[in-house]
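Chemist: Structure supplied as structure-v4.cif; contents: mmCIF, C-alpha atoms.
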data_entry
#
loop_
_atom_site.label_atom_id
_atom_site.label_comp_id
_atom_site.auth_asym_id
_atom_site.auth_seq_id
_atom_site.Cartn_x
_atom_site.Cartn_y
_atom_site.Cartn_z
CA MET A 1 129.76 42.93 91.20
CA ALA A 2 126.27 41.44 91.21
CA THR A 3 123.77 43.80 92.79
CA TYR A 4 120.78 42.36 91.02
CA SER A 5 120.14 38.65 90.78
CA PRO A 6 120.48 37.13 87.28
CA LEU A 7 116.70 36.94 86.71
CA THR A 8 116.19 40.51 87.88
CA GLU A 9 118.99 41.60 85.56
CA LYS A 10 117.24 39.85 82.65
CA LEU A 11 113.98 41.66 83.41
CA ILE A 12 115.87 44.98 83.49
CA GLN A 13 117.30 44.23 80.05
CA ALA A 14 113.89 43.15 78.73
CA LEU A 15 112.27 46.41 79.92
CA ARG A 16 114.72 48.39 77.81
CA VAL A 17 112.73 47.52 74.67
CA LEU A 18 110.36 50.27 75.82
CA PRO A 19 111.04 53.59 74.10
CA GLY A 20 112.68 56.21 76.31
CA VAL A 21 113.62 53.69 78.98
CA GLY A 22 117.33 53.59 79.79
CA LEU A 23 119.20 51.50 82.34
CA LYS A 24 118.24 53.57 85.39
CA SER A 25 114.53 53.69 84.50
CA ALA A 26 114.50 49.98 83.72
CA GLN A 27 116.06 49.22 87.12
CA ARG A 28 113.46 51.39 88.83
CA MET A 29 110.64 49.70 86.90
CA ALA A 30 111.89 46.16 87.59
CA LEU A 31 112.25 46.84 91.32
CA HIS A 32 108.85 48.53 91.46
CA LEU A 33 107.14 45.57 89.79
CA LEU A 34 108.96 42.99 91.93
CA GLU A 35 108.49 44.90 95.17
CA ARG A 36 105.18 46.63 94.88
CA ASP A 37 103.06 45.40 92.02
CA ARG A 38 103.51 41.76 91.06
CA GLU A 39 99.85 41.50 90.14
CA GLY A 40 100.08 44.44 87.78
CA ALA A 41 103.23 42.97 86.25
CA LEU A 42 101.46 39.67 85.54
CA ARG A 43 98.53 41.55 84.03
CA LEU A 44 101.01 43.42 81.83
CA ALA A 45 102.64 40.16 80.71
CA ASP A 46 99.23 38.68 79.80
CA GLN A 47 98.07 41.84 78.05
CA LEU A 48 101.25 42.06 76.00
CA ARG A 49 100.62 38.52 74.74
CA SER A 50 96.94 38.95 73.96
CA THR A 51 97.26 42.40 72.38
CA LEU A 52 100.19 41.33 70.23
CA SER A 53 98.35 38.28 68.96
CA GLY A 54 95.05 40.10 68.45
CA VAL A 55 96.01 43.45 66.96
CA SER A 56 97.18 43.98 63.40
CA HIS A 57 96.83 46.77 60.87
CA CYS A 58 93.70 47.78 58.99
CA GLN A 59 94.47 46.48 55.52
CA GLN A 60 93.32 49.73 54.03
CA CYS A 61 94.50 52.58 56.27
CA ARG A 62 97.09 50.87 58.52
CA LEU A 63 95.36 51.94 61.72
CA LEU A 64 95.98 49.33 64.44
CA CYS A 65 92.80 47.29 64.84
CA GLU A 66 91.46 43.83 65.60
CA ALA A 67 89.48 43.44 62.36
CA ASP A 68 90.79 43.27 58.79
CA ILE A 69 89.29 46.66 57.98
CA CYS A 70 88.91 49.31 60.70
CA HIS A 71 85.68 51.02 61.76
CA ILE A 72 86.47 54.17 59.77
CA CYS A 73 87.35 52.46 56.48
CA SER A 74 84.32 50.20 56.69
CA ASP A 75 81.92 53.11 57.34
CA GLU A 76 79.74 53.39 54.21
CA LEU A 77 78.96 57.04 54.85
CA ARG A 78 82.62 57.99 54.40
CA ASN A 79 83.99 59.27 51.12
CA GLN A 80 86.50 56.66 49.93
CA ARG A 81 87.87 59.02 47.30
CA GLN A 82 89.25 61.47 49.79
CA ILE A 83 92.27 60.26 51.80
CA CYS A 84 93.87 62.17 54.66
CA VAL A 85 97.45 61.11 55.35
CA VAL A 86 98.44 61.39 59.03
CA GLU A 87 101.53 60.33 60.96
CA THR A 88 99.91 58.77 64.01
CA PRO A 89 96.60 57.52 65.40
CA ALA A 90 96.71 60.48 67.79
CA ASN A 91 96.76 62.89 64.83
CA LEU A 92 93.90 60.96 63.23
CA SER A 93 92.00 61.35 66.47
CA ALA A 94 92.63 65.12 66.49
CA ILE A 95 91.18 65.47 62.99
CA GLU A 96 88.23 63.22 63.80
CA SER A 97 87.40 65.40 66.77
CA THR A 98 86.81 68.42 64.49
CA GLY A 99 83.80 66.52 63.16
CA ILE A 100 84.06 68.07 59.67
CA TYR A 101 86.12 65.46 57.84
CA GLU A 102 84.12 62.81 56.01
CA GLY A 103 86.79 61.04 53.99
CA VAL A 104 89.02 58.16 55.07
CA TYR A 105 92.58 58.11 56.39
CA PHE A 106 95.95 56.62 55.76
CA VAL A 107 98.10 56.31 58.87
CA LEU A 108 101.85 56.33 58.22
CA MET A 109 102.68 55.27 61.81
CA GLY A 110 105.71 57.53 61.67
CA HIS A 111 107.48 59.64 59.08
CA LEU A 112 110.39 59.23 56.71
CA SER A 113 113.61 59.13 58.70
CA PRO A 114 116.42 57.56 56.66
CA ILE A 115 118.83 57.97 59.58
CA ASP A 116 116.70 55.55 61.63
CA GLY A 117 116.24 53.19 58.69
CA ILE A 118 112.65 54.30 58.13
CA GLY A 119 112.10 54.60 54.38
CA PRO A 120 108.95 54.70 52.19
CA GLU A 121 108.30 50.96 52.66
CA GLU A 122 108.39 51.19 56.46
CA ILE A 123 105.65 53.85 56.54
CA GLY A 124 103.57 51.87 54.03
CA LEU A 125 103.69 54.31 51.11
CA HIS A 126 103.53 51.46 48.56
CA LEU A 127 100.09 50.59 49.98
CA LEU A 128 98.99 54.20 49.71
CA PHE A 129 100.12 54.48 46.09
CA GLU A 130 98.36 51.18 45.23
CA GLN A 131 95.10 52.44 46.71
CA ILE A 132 95.33 55.72 44.84
CA GLU A 133 95.56 53.75 41.59
CA GLN A 134 92.72 51.37 42.46
CA ARG A 135 90.17 53.66 44.08
CA GLN A 136 90.17 56.69 41.76
CA VAL A 137 91.11 58.96 44.64
CA GLU A 138 90.16 62.57 44.04
CA GLU A 139 91.90 64.34 46.90
CA LEU A 140 94.85 63.50 49.06
CA ILE A 141 95.19 65.69 52.15
CA LEU A 142 98.75 65.64 53.49
CA ALA A 143 98.25 66.20 57.21
CA THR A 144 101.74 65.28 58.36
CA SER A 145 103.20 67.42 61.15
CA PRO A 146 104.87 70.77 60.33
CA THR A 147 108.24 69.39 61.45
CA VAL A 148 111.30 68.79 59.30
CA GLU A 149 110.49 65.07 59.00
CA GLY A 150 106.79 65.66 58.45
CA GLU A 151 107.46 68.22 55.73
CA ALA A 152 109.98 65.91 54.06
CA THR A 153 107.48 63.06 54.10
CA ALA A 154 104.77 65.27 52.58
CA HIS A 155 107.24 66.51 49.97
CA TYR A 156 108.19 62.95 49.02
CA ILE A 157 104.56 61.88 48.59
CA ARG A 158 103.70 64.98 46.55
CA GLN A 159 106.67 64.37 44.26
CA LYS A 160 105.79 60.71 43.70
CA LEU A 161 102.22 61.61 42.70
CA ASP A 162 103.17 64.60 40.56
CA ALA A 163 102.02 63.18 37.24
CA LYS A 164 98.84 61.49 38.48
CA GLY A 165 96.55 64.51 38.31
CA ILE A 166 95.18 64.08 41.84
CA LYS A 167 94.32 67.13 43.93
CA ILE A 168 96.92 67.19 46.69
CA THR A 169 96.31 69.54 49.62
CA ARG A 170 98.07 70.46 52.82
CA LEU A 171 96.56 71.78 56.08
CA ALA A 172 96.72 75.58 56.27
CA HIS A 173 99.46 77.12 58.38
CA GLY A 174 98.78 80.35 60.19
CA ILE A 175 98.07 82.05 63.45
CA PRO A 176 96.28 79.77 65.95
CA MET A 177 92.79 80.97 66.91
CA GLY A 178 92.82 83.12 70.02
CA ALA A 179 96.57 83.73 69.92
CA GLU A 180 98.15 87.14 70.48
CA LEU A 181 100.18 88.24 67.44
CA ASP A 182 103.28 88.96 69.50
CA GLN A 183 103.18 85.48 71.02
CA VAL A 184 103.29 83.73 67.64
CA ASP A 185 106.71 82.55 66.46
CA GLY A 186 108.29 84.22 63.45
CA HIS A 187 108.11 81.16 61.23
CA THR A 188 104.34 80.86 61.71
CA LEU A 189 103.84 84.61 61.20
CA HIS A 190 105.86 84.40 57.99
CA HIS A 191 103.50 81.68 56.73
CA ALA A 192 100.43 83.59 57.86
CA LEU A 193 101.54 86.72 56.02
CA GLN A 194 102.36 84.87 52.82
CA SER A 195 99.03 83.03 52.84
CA ARG A 196 96.94 86.12 53.64
CA LYS A 197 93.41 86.17 52.23
CA VAL A 198 91.11 88.87 50.84
CA VAL A 199 88.14 89.30 53.18
CA MET B 1 85.81 58.47 70.07
CA ALA B 2 87.84 55.32 69.59
CA THR B 3 91.31 56.09 68.27
CA TYR B 4 92.88 52.94 69.60
CA SER B 5 91.32 49.54 69.19
CA PRO B 6 90.01 47.89 72.38
CA LEU B 7 93.00 45.53 72.72
CA THR B 8 95.49 48.36 72.14
CA GLU B 9 93.64 50.41 74.75
CA LYS B 10 93.96 47.52 77.22
CA LEU B 11 97.71 47.30 76.62
CA ILE B 12 98.02 51.05 77.20
CA GLN B 13 96.24 50.67 80.53
CA ALA B 14 98.39 47.67 81.48
CA LEU B 15 101.61 49.60 80.76
CA ARG B 16 100.58 52.22 83.30
CA VAL B 17 101.58 49.88 86.14
CA LEU B 18 105.15 50.98 85.36
CA PRO B 19 106.36 53.77 87.65
CA GLY B 20 106.55 57.20 86.01
CA VAL B 21 104.51 56.11 83.00
CA GLY B 22 101.44 58.23 82.37
CA LEU B 23 98.84 58.01 79.61
CA LYS B 24 100.96 59.67 76.90
CA SER B 25 104.05 57.55 77.60
CA ALA B 26 101.96 54.39 77.75
CA GLN B 27 100.42 55.21 74.35
CA ARG B 28 103.87 55.81 72.89
CA MET B 29 105.16 52.54 74.37
CA ALA B 30 102.20 50.49 73.15
CA LEU B 31 102.46 51.88 69.61
CA HIS B 32 106.23 51.37 69.58
CA LEU B 33 105.90 47.74 70.64
CA LEU B 34 103.07 47.01 68.19
CA GLU B 35 104.69 48.83 65.31
CA ARG B 36 108.38 48.35 65.70
CA ASP B 37 109.30 45.68 68.21
CA ARG B 38 106.84 42.83 68.55
CA GLU B 39 109.68 40.41 69.23
CA GLY B 40 111.02 42.54 72.07
CA ALA B 41 107.51 42.82 73.48
CA LEU B 42 107.09 39.05 73.53
CA ARG B 43 110.50 38.68 75.19
CA LEU B 44 109.37 41.22 77.79
CA ALA B 45 106.14 39.28 78.43
CA ASP B 46 108.09 36.03 78.91
CA GLN B 47 110.73 37.67 81.09
CA LEU B 48 108.11 39.27 83.32
CA ARG B 49 106.59 35.82 83.92
CA SER B 50 109.85 33.99 84.58
CA THR B 51 111.42 36.71 86.74
CA LEU B 52 108.27 37.11 88.81
CA SER B 53 108.04 33.39 89.45
CA GLY B 54 111.76 32.95 90.10
CA VAL B 55 112.74 35.96 92.18
CA SER B 56 111.87 36.43 95.82
CA HIS B 57 113.57 38.06 98.80
CA CYS B 58 116.62 36.83 100.65
CA GLN B 59 115.05 35.61 103.88
CA GLN B 60 117.75 37.35 105.85
CA CYS B 61 118.48 40.71 104.21
CA ARG B 62 115.51 41.14 101.81
CA LEU B 63 117.72 41.58 98.76
CA LEU B 64 115.92 40.28 95.67
CA CYS B 65 117.43 36.92 94.78
CA GLU B 66 116.64 33.50 93.36
CA ALA B 67 117.88 31.53 96.39
CA ASP B 68 116.49 31.50 99.94
CA ILE B 69 119.58 33.26 101.24
CA CYS B 70 121.55 35.67 99.02
CA HIS B 71 125.23 35.42 98.11
CA ILE B 72 126.22 38.08 100.66
CA CYS B 73 124.35 36.64 103.64
CA SER B 74 125.60 33.12 102.90
CA ASP B 75 129.23 34.27 102.66
CA GLU B 76 131.01 32.75 105.67
CA LEU B 77 133.74 35.38 105.65
CA ARG B 78 131.24 38.11 106.43
CA ASN B 79 130.62 39.37 109.94
CA GLN B 80 127.01 38.45 110.77
CA ARG B 81 127.05 40.70 113.85
CA GLN B 82 127.41 43.87 111.87
CA ILE B 83 124.36 44.91 109.84
CA CYS B 84 124.29 47.84 107.43
CA VAL B 85 120.76 49.11 106.72
CA VAL B 86 120.32 50.53 103.20
CA GLU B 87 117.28 51.70 101.28
CA THR B 88 117.93 50.07 97.91
CA PRO B 89 120.06 47.41 96.17
CA ALA B 90 121.77 50.29 94.35
CA ASN B 91 122.90 51.76 97.67
CA LEU B 92 124.10 48.33 98.79
CA SER B 93 126.07 48.13 95.58
CA ALA B 94 127.66 51.54 96.23
CA ILE B 95 128.84 50.43 99.67
CA GLU B 96 130.07 47.08 98.34
CA SER B 97 132.17 48.89 95.76
CA THR B 98 134.19 50.63 98.50
CA GLY B 99 135.55 47.17 99.35
CA ILE B 100 135.98 47.99 103.06
CA TYR B 101 132.71 46.73 104.50
CA GLU B 102 132.78 43.14 105.74
CA GLY B 103 129.46 42.85 107.55
CA VAL B 104 126.08 41.95 106.10
CA TYR B 105 123.18 44.13 104.96
CA PHE B 106 119.52 44.70 105.48
CA VAL B 107 117.74 46.18 102.45
CA LEU B 108 114.61 48.18 103.28
CA MET B 109 113.57 48.40 99.60
CA GLY B 110 112.32 51.89 100.28
CA HIS B 111 111.86 54.15 103.26
CA LEU B 112 109.08 55.05 105.67
CA SER B 113 106.50 57.11 103.83
CA PRO B 114 103.17 57.06 105.69
CA ILE B 115 101.56 59.24 103.00
CA ASP B 116 102.10 56.43 100.46
CA GLY B 117 101.00 53.76 102.91
CA ILE B 118 104.55 52.55 103.52
CA GLY B 119 104.94 51.86 107.21
CA PRO B 120 107.48 49.81 109.26
CA GLU B 121 105.94 46.47 108.10
CA GLU B 122 106.23 47.37 104.40
CA ILE B 123 109.97 48.00 104.67
CA GLY B 124 110.43 44.81 106.70
CA LEU B 125 111.53 46.37 110.00
CA HIS B 126 109.93 43.53 112.01
CA LEU B 127 112.39 41.13 110.31
CA LEU B 128 115.29 43.42 111.14
CA PHE B 129 114.29 43.65 114.82
CA GLU B 130 113.84 39.85 115.01
CA GLN B 131 117.34 39.30 113.62
CA ILE B 132 118.86 41.77 116.04
CA GLU B 133 117.38 39.74 118.92
CA GLN B 134 118.45 36.37 117.52
CA ARG B 135 121.94 37.08 116.20
CA GLN B 136 123.49 39.14 119.00
CA VAL B 137 124.15 41.99 116.60
CA GLU B 138 126.92 44.30 117.78
CA GLU B 139 126.64 47.18 115.36
CA LEU B 140 123.86 48.53 113.21
CA ILE B 141 125.00 51.02 110.56
CA LEU B 142 122.10 53.22 109.41
CA ALA B 143 123.05 54.02 105.82
CA THR B 144 119.70 55.42 104.70
CA SER B 145 119.88 58.44 102.39
CA PRO B 146 120.31 61.94 103.85
CA THR B 147 116.82 62.90 102.68
CA VAL B 148 113.82 63.76 104.83
CA GLU B 149 112.40 60.24 104.43
CA GLY B 150 115.77 58.54 104.90
CA GLU B 151 116.47 60.54 108.06
CA ALA B 152 112.99 59.80 109.41
CA THR B 153 113.48 56.08 108.77
CA ALA B 154 116.85 56.11 110.52
CA HIS B 155 115.35 58.06 113.42
CA TYR B 156 112.51 55.53 113.77
CA ILE B 157 114.89 52.57 113.85
CA ARG B 158 117.21 54.27 116.35
CA GLN B 159 114.27 55.03 118.63
CA LYS B 160 112.94 51.47 118.53
CA LEU B 161 116.34 50.03 119.50
CA ASP B 162 117.07 52.63 122.16
CA ALA B 163 117.03 50.27 125.14
CA LYS B 164 118.81 47.33 123.48
CA GLY B 165 122.36 48.45 124.04
CA ILE B 166 123.49 47.96 120.44
CA LYS B 167 126.01 50.30 118.88
CA ILE B 168 124.07 52.28 116.29
CA THR B 169 126.06 54.34 113.80
CA ARG B 170 125.31 56.62 110.88
CA LEU B 171 127.50 57.39 107.85
CA ALA B 172 129.50 60.60 108.34
CA HIS B 173 128.20 63.74 106.66
CA GLY B 174 130.69 66.30 105.44
CA ILE B 175 132.41 67.84 102.49
CA PRO B 176 132.77 65.43 99.54
CA MET B 177 136.37 64.60 98.63
CA GLY B 178 137.75 66.92 95.96
CA ALA B 179 134.97 69.49 96.36
CA GLU B 180 135.65 73.24 96.51
CA LEU B 181 134.40 74.72 99.79
CA ASP B 182 132.36 77.41 98.05
CA GLN B 183 130.58 74.81 95.93
CA VAL B 184 129.32 72.87 98.95
CA ASP B 185 125.75 73.61 100.08
CA GLY B 186 125.21 75.34 103.43
CA HIS B 187 123.50 72.36 105.03
CA THR B 188 126.48 70.10 104.32
CA LEU B 189 128.96 72.76 105.47
CA HIS B 190 126.97 73.16 108.69
CA HIS B 191 127.32 69.40 109.30
CA ALA B 192 131.01 69.43 108.39
CA LEU B 193 131.73 72.26 110.82
CA GLN B 194 129.80 70.64 113.67
CA SER B 195 131.54 67.31 113.17
CA ARG B 196 135.04 68.77 112.83
CA LYS B 197 137.91 66.57 114.05
CA VAL B 198 141.24 67.21 115.79
CA VAL B 199 144.07 66.29 113.41
#
Now, as a test, write the supplied structure out as C-alpha cells.
Modeler:
Amino acid sequence: MATYSPLTEKLIQALRVLPGVGLKSAQRMALHLLERDREGALRLADQLRSTLSGVSHCQQCRLLCEADICHICSDELRNQRQICVVETPANLSAIESTGIYEGVYFVLMGHLSPIDGIGPEEIGLHLLFEQIEQRQVEELILATSPTVEGEATAHYIRQKLDAKGIKITRLAHGIPMGAELDQVDGHTLHHALQSRKVV
Amino acid sequence: MATYSPLTEKLIQALRVLPGVGLKSAQRMALHLLERDREGALRLADQLRSTLSGVSHCQQCRLLCEADICHICSDELRNQRQICVVETPANLSAIESTGIYEGVYFVLMGHLSPIDGIGPEEIGLHLLFEQIEQRQVEELILATSPTVEGEATAHYIRQKLDAKGIKITRLAHGIPMGAELDQVDGHTLHHALQSRKVV
C-alpha cells in the first residue's frame, strides 16, 4: 500500500544514511522538509555538496579541514614532538580549551571497534606510527575516552610502540574537581585511591 | 575556538533544518557523513534536489504526490461525496489498511497550532471548505487524533460547517479490542461508558 509517493519514499530512504535515524524519524524529516522547509532542504543539499567537495583531512593530524595541514599543525609555536591522541574533534576542543597544552594532536575519528569493522587502518594508526618514526616524537599522550573501546585503543597503541622508547602517558583518572566523595562511582574512586599522591 | 573547519561548521548548521536535530546531533551527523559515508551523503544531496522538485501536493486532498491528482482521488471507484479528514499520510495509511473505507481523504498535514503559527490556511482548510461547496459532499469524517490539538482542529472544522447541513462524524472512542478493562485509562473508559450501546 503506497502511502508515500515514490519520490518521497526515495528521500526517506536517503535520509537513513544519517546516524541514529530510523524509518520513523526519516519519514518525519522528509515530511517536515517537504511541508514546512523546502528552502532549508535546498540549502542542506547545496551545503552537503560543497562541504563534501571542500573538506578533507589534515595530512598530519587527520582533523577535518579545508587546507592540507590544519591550523594547529601549521602553528610554529606548537611543539611537534609532543602528540596528543584523541578520539574526536570534540575531545580535541575540550583539551584546547584548558589552554595548557602546547603540543599537536592526532585525531583518530573514532576508536578500535572490530565488531563494526573499524580496525587500526580505519582510525589512521599507520599514519600515527609513520609520524612517530619521522618526527622524533618525545611524548605521546593517549587521551582516548575511559570507555572499554577507548581503553582498548590506548592499549593497542601502547603495545605497538613498546620497543620504541617513547614516553607514553595517559590522562590521570580520579575524583572530578568539586565532586562529593559519595557521589563518585566506585570505579573512579578505586582509581583515585590507587593513584593517591603524597602532599 | 575553531574545532570544526568553516565548511564543516556550515554543514552542521544546515543539518539543523531537520526536525529534532540539535547542535550535538548535527555535529555527529556531519562527522559521520564526512568520515564514514560520503557516498550516502551525496546520494542524500541528489535525492533532496530531485524529490523537492518532483513532489507537490495532490490538488484535491493535499497528499504529497508527483501527479496533479493522487492515486486515491483519481480512483473512479471511490465515493467523492464522502471525505475523511486526517492529520498525516501515516493516519491515512492506517485507515486505508482497514480496507472498509471507500470515500476519499483530505490530509491536513498537521493540526491547528496557533502557538507555532499554524492556522487554518496552513493546514489547507480553505481548500477543504471550497471542495465541500463544489462537490455536494454528504459526509465529512473527522479522523484527527484524539489529542488536544486534534480535538481543537476537529472542533474548528465542525463549527465552520455548522450551517451547511452536512453529516459530520467522528471516529468512535472506546475500549481497544483485546484490552483488559483495568488496563484502559480513565479518560477512555469515561468515553466508553458514555457511548455505551444497546446490544
Chemist: Got a sec: who's within 7 Å of Ile141 (chain A), counting only C-alpha atoms, leaving out chain neighbours fewer than 3 positions off, as a PyMOL selection string?
Modeler: chain A and resi 83-85+168-170
Chemist: Could you dump the residues just selected with C-alpha atoms as a tab-separated table (two decimals), in the coordinates of the input?
Modeler:
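Okay, this is what ended up in result01.tsv:
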chain	number	residue	atom	x	y	z
A	83	ILE	CA	92.27	60.26	51.80
A	84	CYS	CA	93.87	62.17	54.66
A	85	VAL	CA	97.45	61.11	55.35
A	168	ILE	CA	96.92	67.19	46.69
A	169	THR	CA	96.31	69.54	49.62
A	170	ARG	CA	98.07	70.46	52.82
Chemist: If I wrap all listed atoms of region 24-43 of chain B in a box with edges along x, y and z and add 6 Å on each side, what are its centre and edge lengths in Å to one decimal, as lines of an AutoDock Vina configuration file?
Modeler:
center_x = 105.7
center_y = 49.2
center_z = 71.5
size_x = 22.6
size_y = 33.0
size_z = 24.4
Chemist: Identify all chain A residues at most 6 Å from chain B by counting only C-alpha atoms; ligands do not count. Present them as a list of chain:residue names.
Modeler: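 Applying the cut-off to the listed atoms yields A:Thr3, A:Ser5, A:Leu7, A:Leu11, A:Ala14, A:Val17, A:Leu18, A:Pro19, A:Met29, A:Gly40, A:Leu44, A:Ala45, A:Gln47, A:Thr51, A:Cys65, A:Ser93.
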Chemist: Enumerate, as an NGL selection string, the residues matched when the PyMOL selection byres ((chain A and resi 152-165) around 12) is run on the file above.
Modeler: :A and (84-87 or 108-114 or 118-120 or 123-126 or 128-130 or 132-133 or 136-151 or 166-171)
Chemist: What is the CA of Val104 (chain B) to CA of Gln59 (chain B) distance in Å?
Modeler: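 Between these atoms lies a distance of 12.9 Å.
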Chemist: Measure the distance from CA of Cys58 (chain B) to CA of Gln80 (chain B) in Å and round it to one decimal.
Modeler: 14.6 Å
Chemist: Could you tell me how far CA of Ile72 (chain B) sits from CA of Gly22 (chain A), in Å to one decimal place?
Modeler: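 Straight-line distance from CA of Gly22 (chain A) to CA of Ile72 (chain B) works out to 27.5 Å.
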Chemist: If you count only C-alpha atoms, which residues fall within 9 Å of region 182-196 of chain A, apart from same-chain ones fewer than 3 positions away, as a list in words?
Modeler: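 My reading of the contact set: Ala172, His173, Gly174, Ile175, Pro176 and Ala179 of chain A.
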Chemist: So which residues get picked by the PyMOL selection byres ((chain A and resi 79) around 8) here, written as a list in words?
Modeler: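 Here the PyMOL selection byres ((chain A and resi 79) around 8) matches Glu76, Leu77, Arg78, Gln80, Arg81, Gln82, Glu102, Gly103 and Val104 of chain A.
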Chemist: Step by step: locate region 59-111 of chain B in the block above, keep C-alpha atoms, then write the file as a PDB file, in the first residue's frame.
Modeler:
ATOM      1  CA  GLN B  59      -4.627  19.411  -5.722  1.00  0.00           C
ATOM      2  CA  GLN B  60      -7.641  17.722  -4.216  1.00  0.00           C
ATOM      3  CA  CYS B  61      -6.593  16.034  -0.963  1.00  0.00           C
ATOM      4  CA  ARG B  62      -3.131  17.581  -0.294  1.00  0.00           C
ATOM      5  CA  LEU B  63      -1.399  14.212  -0.106  1.00  0.00           C
ATOM      6  CA  LEU B  64       2.207  14.564  -1.271  1.00  0.00           C
ATOM      7  CA  CYS B  65       2.432  13.121  -4.778  1.00  0.00           C
ATOM      8  CA  GLU B  66       4.148  13.516  -8.126  1.00  0.00           C
ATOM      9  CA  ALA B  67       0.941  13.931 -10.162  1.00  0.00           C
ATOM     10  CA  ASP B  68      -1.617  16.750 -10.011  1.00  0.00           C
ATOM     11  CA  ILE B  69      -4.211  14.408  -8.528  1.00  0.00           C
ATOM     12  CA  CYS B  70      -3.155  11.448  -6.343  1.00  0.00           C
ATOM     13  CA  HIS B  71      -3.966   7.788  -6.946  1.00  0.00           C
ATOM     14  CA  ILE B  72      -6.771   7.797  -4.359  1.00  0.00           C
ATOM     15  CA  CYS B  73      -8.570  10.925  -5.576  1.00  0.00           C
ATOM     16  CA  SER B  74      -8.357   9.791  -9.202  1.00  0.00           C
ATOM     17  CA  ASP B  75      -9.785   6.343  -8.404  1.00  0.00           C
ATOM     18  CA  GLU B  76     -13.233   6.233 -10.041  1.00  0.00           C
ATOM     19  CA  LEU B  77     -14.495   3.552  -7.678  1.00  0.00           C
ATOM     20  CA  ARG B  78     -14.168   5.887  -4.714  1.00  0.00           C
ATOM     21  CA  ASN B  79     -17.069   7.882  -3.351  1.00  0.00           C
ATOM     22  CA  GLN B  80     -16.187  11.551  -3.918  1.00  0.00           C
ATOM     23  CA  ARG B  81     -19.023  12.680  -1.637  1.00  0.00           C
ATOM     24  CA  GLN B  82     -17.505  11.197   1.463  1.00  0.00           C
ATOM     25  CA  ILE B  83     -14.359  12.919   2.749  1.00  0.00           C
ATOM     26  CA  CYS B  84     -12.258  11.648   5.643  1.00  0.00           C
ATOM     27  CA  VAL B  85     -10.091  14.360   7.222  1.00  0.00           C
ATOM     28  CA  VAL B  86      -6.789  13.063   8.624  1.00  0.00           C
ATOM     29  CA  GLU B  87      -3.748  14.813  10.047  1.00  0.00           C
ATOM     30  CA  THR B  88      -0.971  12.885   8.311  1.00  0.00           C
ATOM     31  CA  PRO B  89      -0.281  10.453   5.447  1.00  0.00           C
ATOM     32  CA  ALA B  90       0.510   7.860   8.122  1.00  0.00           C
ATOM     33  CA  ASN B  91      -3.013   8.200   9.528  1.00  0.00           C
ATOM     34  CA  LEU B  92      -4.442   7.935   6.015  1.00  0.00           C
ATOM     35  CA  SER B  93      -2.433   4.771   5.593  1.00  0.00           C
ATOM     36  CA  ALA B  94      -3.826   3.335   8.849  1.00  0.00           C
ATOM     37  CA  ILE B  95      -7.401   3.913   7.677  1.00  0.00           C
ATOM     38  CA  GLU B  96      -6.659   2.523   4.208  1.00  0.00           C
ATOM     39  CA  SER B  97      -5.323  -0.654   5.775  1.00  0.00           C
ATOM     40  CA  THR B  98      -8.726  -1.402   7.357  1.00  0.00           C
ATOM     41  CA  GLY B  99      -9.989  -1.921   3.806  1.00  0.00           C
ATOM     42  CA  ILE B 100     -13.532  -0.733   4.634  1.00  0.00           C
ATOM     43  CA  TYR B 101     -13.334   2.936   3.702  1.00  0.00           C
ATOM     44  CA  GLU B 102     -14.378   3.750   0.138  1.00  0.00           C
ATOM     45  CA  GLY B 103     -14.516   7.541   0.188  1.00  0.00           C
ATOM     46  CA  VAL B 104     -11.686   9.993  -0.413  1.00  0.00           C
ATOM     47  CA  TYR B 105      -9.445  11.872   2.013  1.00  0.00           C
ATOM     48  CA  PHE B 106      -8.301  15.312   2.931  1.00  0.00           C
ATOM     49  CA  VAL B 107      -4.847  15.424   4.523  1.00  0.00           C
ATOM     50  CA  LEU B 108      -4.256  18.395   6.825  1.00  0.00           C
ATOM     51  CA  MET B 109      -0.506  17.670   7.082  1.00  0.00           C
ATOM     52  CA  GLY B 110      -0.659  18.779  10.686  1.00  0.00           C
ATOM     53  CA  HIS B 111      -3.187  20.306  13.022  1.00  0.00           C
TER      54      HIS B 111
END
